[in-house]
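Chemist: Right, I'll just put the structure down here and ask away after.
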Amino acid sequence: MNVQCIGFNTVHQAGYSIKREPVQRGYMLILMKSGGVFTFGNEKQRAEKDSVVIYDGQAVQEYSSDGEMFVYDWLKFDTDGDGDFFDSLEIPVNTLIRYTDADFLSEIIRNIANEFYSVSQRRAKMIDSLLKTLLIKISENNAVRGIIPQNADPHYSVLTELREKIYRNPRQKWNVDTMASYANMSRSNFQHIYRELFGVSCISDVIAGKIEKAKELLSETSCTVSQVSAMCGYDNEEHFMRQFKKLVGVTPTAYRKKK
């Protein structure tokens with residue numbers, strides 16, 4: 001994969017706006033560090049800080065400041081024979097989305113920019129590796145935690161942040177009351193809207209977060225099954241093993257042997 005040009009922490013004054021006609025080839029990735037306004041077809045959408053959009057070559061790129069300074073990271077890239085890889089990630093394009101760990105994405109873009117302007121002999125390989133990492137992280141956020149269109153629901157921001165917290169803290173004792181309180185919503189309303197946004201109940205998501213972390217620990221560490229169970233918030237190892245097999249299809253030990 002190739003980066004054609006890149007900008008890290010680019011700043012434009014209030015009143016900035018741009019409209020680019022389709023380029024037919026390649027992609028444009030924008031990571032917002034301020035607010036902005038994006039136009040898709042005839043619809044204008046306000047972009048909050050930490051929003052991400054990837055334009056494909058067929059899209060008109062039209063965006064502007066929202067009255068304040070316009071700050072963003074960006075890069076233009078092409079897949080250069082890795083089209084199947086990019087397609088396999090199933091990242092939504094020409095869609096304004098909210099990413100919940102944007103600082104991490106920005107750091108990757110900063111590293112890509114450093115390599116782009118370097119004279120290192122391994123420059124091309126490093127850029128290819130970093131760009132793929134960037135896209136994989138966006139894809140993981142989409143597949144595991146769900147990237148939520150910004151106009152989906154007025155509660156999407158706080159619930160997306162909560163969902164990220166759930167997946168990052170599998171050891172915590174999450175229950176409906178705790179989660180509803182975090183979102184400042186009633187128990188019944190919280191459960192209804194959570195399922196509507198993510199297509200899964202909040203408790204099922206808590207379990208999924210625990211199992212995802214367990215898979216990671218089993219693959220990347222030498223921790224015992226008992227230790228993994230405790231690190232994922234289970235008080236009972238047998239309960240962990242039953243739940244793991246139910247969701248993954250094999251026992252934790254068998255899963256580790258496959259890796």
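Residues are named by chain letter and number: chains run A, B, ... in the order of the structure tokens, numbers start at 1 in each chain, and ligands are numbered from 1 in the order shown.
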Write out, as a tab-separated table, each residue of stretch 84-103 of chain A that has an atom at most 9 Å from stretch 119-136 of chain A, together with the closest pair of atoms and their distance in Å to one decimal, counting only C-alpha atoms, rows going by chain and rising number.

Modeler:
residue	atom	partner	partner_atom	distance
A:Phe85	CA	A:Lys132	CA	8.9
A:Phe86	CA	A:Leu135	CA	7.9
A:Leu89	CA	A:Ile136	CA	6.9
A:Ile91	CA	A:Leu135	CA	8.1

Chemist: Which polymer residues have any atom within 9 Å of an atom of A:Ala102, counting only C-alpha atoms, with same-chain residues fewer than 3 positions away left out, as a list in words?

Modeler: Leu31, Met32, Lys33, Lys49, Asp50, Ser51, Val52, Arg98, Tyr99, Leu105, Ser106 and Glu107 of chain A

Chemist: I need the chosen residues saved as a PDB file, in the first residue's frame, with N, CA, C and O atoms.

Modeler:
ATOM      1  N   LEU A  31      -8.966  12.437   9.751  1.00  0.00           N
ATOM      2  CA  LEU A  31      -9.219  12.258  11.189  1.00  0.00           C
ATOM      3  C   LEU A  31      -9.367  13.643  11.801  1.00  0.00           C
ATOM      4  O   LEU A  31      -8.412  14.425  11.850  1.00  0.00           O
ATOM      5  N   MET A  32     -10.567  13.951  12.266  1.00  0.00           N
ATOM      6  CA  MET A  32     -10.853  15.294  12.766  1.00  0.00           C
ATOM      7  C   MET A  32     -10.320  15.500  14.184  1.00  0.00           C
ATOM      8  O   MET A  32     -10.502  14.653  15.051  1.00  0.00           O
ATOM      9  N   LYS A  33      -9.689  16.668  14.396  1.00  0.00           N
ATOM     10  CA  LYS A  33      -9.248  17.067  15.725  1.00  0.00           C
ATOM     11  C   LYS A  33     -10.018  18.296  16.211  1.00  0.00           C
ATOM     12  O   LYS A  33      -9.713  18.858  17.267  1.00  0.00           O
ATOM     13  N   LYS A  49     -15.185  16.286  17.056  1.00  0.00           N
ATOM     14  CA  LYS A  49     -13.789  15.902  17.241  1.00  0.00           C
ATOM     15  C   LYS A  49     -13.702  14.381  17.339  1.00  0.00           C
ATOM     16  O   LYS A  49     -14.557  13.735  17.934  1.00  0.00           O
ATOM     17  N   ASP A  50     -12.664  13.799  16.755  1.00  0.00           N
ATOM     18  CA  ASP A  50     -12.407  12.349  16.718  1.00  0.00           C
ATOM     19  C   ASP A  50     -13.229  11.634  15.661  1.00  0.00           C
ATOM     20  O   ASP A  50     -13.255  10.399  15.624  1.00  0.00           O
ATOM     21  N   SER A  51     -13.897  12.365  14.785  1.00  0.00           N
ATOM     22  CA  SER A  51     -14.602  11.732  13.676  1.00  0.00           C
ATOM     23  C   SER A  51     -13.601  11.291  12.608  1.00  0.00           C
ATOM     24  O   SER A  51     -12.536  11.876  12.451  1.00  0.00           O
ATOM     25  N   VAL A  52     -13.973  10.247  11.883  1.00  0.00           N
ATOM     26  CA  VAL A  52     -13.139   9.710  10.809  1.00  0.00           C
ATOM     27  C   VAL A  52     -13.992   9.551   9.555  1.00  0.00           C
ATOM     28  O   VAL A  52     -15.160   9.178   9.646  1.00  0.00           O
ATOM     29  N   ARG A  98     -17.599   7.940  14.110  1.00  0.00           N
ATOM     30  CA  ARG A  98     -16.942   8.367  15.345  1.00  0.00           C
ATOM     31  C   ARG A  98     -16.045   7.246  15.843  1.00  0.00           C
ATOM     32  O   ARG A  98     -16.497   6.123  16.026  1.00  0.00           O
ATOM     33  N   TYR A  99     -14.765   7.553  16.033  1.00  0.00           N
ATOM     34  CA  TYR A  99     -13.829   6.568  16.530  1.00  0.00           C
ATOM     35  C   TYR A  99     -13.511   6.893  17.982  1.00  0.00           C
ATOM     36  O   TYR A  99     -13.307   8.057  18.323  1.00  0.00           O
ATOM     37  N   LEU A 105      -4.976   6.498  16.701  1.00  0.00           N
ATOM     38  CA  LEU A 105      -4.936   6.645  15.244  1.00  0.00           C
ATOM     39  C   LEU A 105      -4.029   7.808  14.848  1.00  0.00           C
ATOM     40  O   LEU A 105      -3.242   7.700  13.898  1.00  0.00           O
ATOM     41  N   SER A 106      -4.139   8.917  15.558  1.00  0.00           N
ATOM     42  CA  SER A 106      -3.332  10.093  15.232  1.00  0.00           C
ATOM     43  C   SER A 106      -1.843   9.803  15.395  1.00  0.00           C
ATOM     44  O   SER A 106      -1.017  10.267  14.603  1.00  0.00           O
ATOM     45  N   GLU A 107      -1.499   9.010  16.401  1.00  0.00           N
ATOM     46  CA  GLU A 107      -0.095   8.653  16.615  1.00  0.00           C
ATOM     47  C   GLU A 107       0.427   7.811  15.459  1.00  0.00           C
ATOM     48  O   GLU A 107       1.576   7.984  15.016  1.00  0.00           O
TER      49      GLU A 107
END

Chemist: Mind checking DSSP for stretch 37-152 of chain A and telling me the alpha helix (DSSP H) residues as a PyMOL selection string?

Modeler: chain A and resi 83-89+102-116+123-140

Chemist: Stretch 16-235 of chain A: which residues are strand (DSSP E) by DSSP, as a ChimeraX atom specification?

Modeler: /A:17-20,27-32,36-40,43-47,51-55,61-64,70-78,97-98

Chemist: Go through A:Val60, A:Ala14, A:Leu29, A:Val71 one by one, measure the shortest atom-to-atom distance of each to A:Asn42 using only C-alpha atoms, and give the residue with the smallest value.

Modeler: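 Distance minimum relative to A:Asn42 lands on A:Val60.
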
Chemist: Just checking: using only C-alpha atoms, which residue out of A:His155, A:Lys165, A:Lys246, A:Arg110 ends up closest to A:Leu75?

Modeler: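 Of A:His155, A:Lys165, A:Lys246, A:Arg110, the one nearest A:Leu75 is A:Arg110, counting only C-alpha atoms.
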